[in-house]
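A.B. asks: Okay, handing you the structure first.
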Amino acid sequence: MTGTREPRSRPQRVLIIVPAWNEQDALTQTLQDIASSGEAVHVLVVDDGSTDSTATVAADAGALVCSLPFNLGVGGAMRTGYRYALRHGYDAAVQFDADGQHDARYLSPLIDQLVDHDLVIGARFAGEGVPYRVSPARRAAMKILAVALSRMARTTLTDVTSGYRAANARAMRVFAAHYPAEYLGDTVESTVIAVRAGCQIGQYPVEMRVRQGGVPSQTSARALLYLVRAGVALVLALVRRWPAVDEDDAVEPTVPTAHQARTPHRRHDEPRGEQP
Amino acid sequence: MNPSIVLGIIGSTVILVVLFEMLRRRHLREKYAVVWFLVALASMTVTIFPDLLNVSARAVGVEVPVNLLFFAASMILLVLALQHSYELGRLEEKSRTLAEEVALLRLELDQRLSPPSEPEHPGGSATSPEDGR
């Protein structure tokens, strides 16, 4: 299914992974948006060591809640999510921010794109809607990253720092094994890992809302620092060795849960190295 | 007896005794103890046979022998600090993996303990996921 380049069918079982760290205020609205998107999806909120009532809010909204014992950052939360998705036989997973920045209207087109791609990035600056407002310096930094990664992925990527992305089972397997926890690792480095694991990357233009709280960094010094850190993340991702992923069996599907035992679903049928 | 020799011997002996005691109480793992044991041994050797330092300083072209001692000591400390950073990074990665697994297990447990309350469509969407194909 996933190892081939033939046209695939649209993923049926989709998990929306929402990493949330102290997002009790924005979370309800975000989950409502996802529910009203018209996509039949399961939602997994990964509570990243929140000290507020994020987990309760998510559970009340009907989402699956996975509570990390302490804060791991987006990378840790996402790897948890991908592992859950893989073990429970989902065909695709979408990373969706809890803070209301991402628009659930784009869920359907992003999942559609998985027919031709292993990983689809919901990209700002790709012509959709109001231009996303960032400082010129930061924009330049993002541009450099985009050009570098476009060359690697042999496709046009305009926004590699976007956290709005959909992954099919092949990319999920890559991310369940390797999803960096460092700063920018969750976006830039994870994209490089996907490219190097042989995933086909695509993008779909999206419009993002302005973040509810938090002032985006505007000074050039900050942007320069951002560029340096992104550059370090990029270079490290390039020179690091990543084990071959198709042979990787670090994440074995577990026994189905009581809930899932009632609804049989397809397991990954790739040949795997047996692990006792 | 030269006071500096006495100081050196006392110092290395204290390290060795502390090492032994920590190993005995299982407060220190062997793999870390080996390095410190070698350091204590080397400092004791140099204290008892100072000529060893003078000869080797002349051999590598260091004019003041004690500078060679300082250089060697700082290099050893640097390598040890690096080793600790490496171990720390490994531990962080391991604790990250454990934290993720704990979270997943907790979710699994919750689902098993209360299957009826777990909704079929957590997203709350109107349509049903076509999972049974």
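How things are named: the first chain in the structure tokens is A, the next is B, and so on; residues count from 1 in each chain; ligands count from 1 in the order shown.
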So that I can check the surroundings of Asp33 in chain A, please list as a list in words every protein, DNA and RNA residue that reaches within 8 Å of it, counting only C-alpha atoms and ignoring chain neighbours fewer than 4 positions away.
C.D. replies: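 Answer for this query is Gln29, Ser37, Asp103 and Ala104 of chain A.
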A.B. asks: So that I have them on file, write out the residues from the current selection with N, CA and C atoms, as a JSON list (two decimals), in the first residue's frame.
C.D. replies:
```json
[["chain", "number", "residue", "atom", "x", "y", "z"],
["A", 29, "GLN", "N", -13.12, 25.62, 20.95],
["A", 29, "GLN", "CA", -13.41, 26.17, 19.64],
["A", 29, "GLN", "C", -12.72, 25.37, 18.54],
["A", 37, "SER", "N", -16.04, 20.23, 10.27],
["A", 37, "SER", "CA", -15.35, 20.27, 8.98],
["A", 37, "SER", "C", -15.99, 19.30, 7.99],
["A", 103, "ASP", "N", -7.16, 26.31, 10.17],
["A", 103, "ASP", "CA", -8.54, 26.38, 9.74],
["A", 103, "ASP", "C", -8.99, 24.99, 9.29],
["A", 104, "ALA", "N", -10.04, 24.48, 9.95],
["A", 104, "ALA", "CA", -10.46, 23.10, 9.68],
["A", 104, "ALA", "C", -11.06, 22.94, 8.27]]
```
A.B. asks: Compile the contact shell of Thr187 in chain A as a ChimeraX atom specification: residues with an atom at most 6 Å away, counting only C-alpha atoms, same-chain residues fewer than 3 positions apart removed.
C.D. replies: /A:161,184,190
A.B. asks: Env of Leu72 in chain A: 12 Å cut, atoms = only C-alpha atoms, seq-sep filter 3 positions within chain, self excluded. Answer as a PyMOL selection string.
C.D. replies: (chain A and resi 19-21+46-50+67-69+75-80+179-183+186) or (chain B and resi 92-93+95-100+103)
A.B. asks: Could you jot down the CA of Ala197 in chain A to CA of Ala233 in chain A separation for me, Å, one decimal place?
C.D. replies: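 Atom-to-atom, CA of Ala197 in chain A and CA of Ala233 in chain A are spaced 17.0 Å apart.
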A.B. asks: Could you work out how far CA of Pro65 in chain B lies from CA of Ser43 in chain B, giving the answer in Å with one decimal?
C.D. replies: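 These two atoms are separated by 14.1 Å.
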A.B. asks: Which residues are close to Thr13 in chain B, i.e. within 10 Å by only C-alpha atoms, leaving aside same-chain residues fewer than 4 positions away? Reply as number ranges by chain.
C.D. replies: B: 7-9, 17-19, 40-41, 43-44
A.B. asks: Next, write the just-selected residues to a file, as a short mmCIF file (atom, residue, chain, number, x, y, z; two decimals), in the first residue's frame, keeping N, CA and C atoms as the atom set.
C.D. replies:
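So out.cif came out as:
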```
data_model
loop_
_atom_site.label_atom_id
_atom_site.label_comp_id
_atom_site.auth_asym_id
_atom_site.auth_seq_id
_atom_site.Cartn_x
_atom_site.Cartn_y
_atom_site.Cartn_z
N LEU B 7 50.41 16.33 50.48
CA LEU B 7 49.12 16.82 50.00
C LEU B 7 48.59 15.95 48.86
N GLY B 8 49.49 15.65 47.93
CA GLY B 8 49.09 14.83 46.78
C GLY B 8 48.63 13.45 47.20
N ILE B 9 49.38 12.86 48.13
CA ILE B 9 49.02 11.51 48.55
C ILE B 9 47.68 11.50 49.28
N VAL B 17 39.31 6.29 48.51
CA VAL B 17 38.43 5.81 49.58
C VAL B 17 36.98 6.14 49.27
N VAL B 18 36.75 7.40 48.85
CA VAL B 18 35.38 7.80 48.52
C VAL B 18 34.83 6.93 47.40
N LEU B 19 35.66 6.70 46.37
CA LEU B 19 35.24 5.85 45.25
C LEU B 19 34.82 4.47 45.75
N ALA B 40 42.78 9.08 40.05
CA ALA B 40 43.37 9.04 41.39
C ALA B 40 44.72 8.33 41.37
N LEU B 41 44.77 7.25 40.61
CA LEU B 41 45.99 6.47 40.50
C LEU B 41 47.11 7.30 39.86
N SER B 43 47.38 10.60 39.66
CA SER B 43 47.83 11.72 40.50
C SER B 43 48.72 11.22 41.63
N MET B 44 48.42 10.02 42.12
CA MET B 44 49.27 9.46 43.17
C MET B 44 50.67 9.10 42.63
#
```
A.B. asks: Could you give me, as a PyMOL selection string, the residues within 9 Å of Val64 in chain B, counting only C-alpha atoms and dropping anything in the same chain fewer than 6 positions from it?
C.D. replies: chain B and resi 54+57-58
A.B. asks: Name all residues at most 6 Å from Ala123 in chain A (count only C-alpha atoms; drop same-chain ones fewer than 6 positions away) and give them as a PyMOL selection string.
C.D. replies: chain A and resi 159+204-206
A.B. asks: Okay, now the selection with C-alpha atoms, as a PDB file, in the first residue's frame?
C.D. replies:
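Saved file out.pdb follows:
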```
ATOM      1  CA  ASP A 159       6.310  27.189   3.872  1.00  0.00           C
ATOM      2  CA  TYR A 204      -1.593  22.809  -0.359  1.00  0.00           C
ATOM      3  CA  PRO A 205      -2.169  26.544   0.042  1.00  0.00           C
ATOM      4  CA  VAL A 206      -3.947  27.436   3.263  1.00  0.00           C
TER       5      VAL A 206
END
```
A.B. asks: Rounded to one decimal place, report the CA of Arg240 in chain A-CA of Arg138 in chain A distance in Å.
C.D. replies: 25.9 Å
A.B. asks: At a cut-off of 12 Å, using only C-alpha atoms, what residues contact Arg151 in chain A? Leave out same-chain residues fewer than 5 positions from it and give the result as a ChimeraX atom specification.
C.D. replies: /A:144-146,156-158,192,195,201
A.B. asks: Closest to chain A among B:Lys94, B:Lys31, B:His84, B:Arg25, using only C-alpha atoms?
C.D. replies: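 Counting only C-alpha atoms, the residue closest to chain A is B:Lys94.
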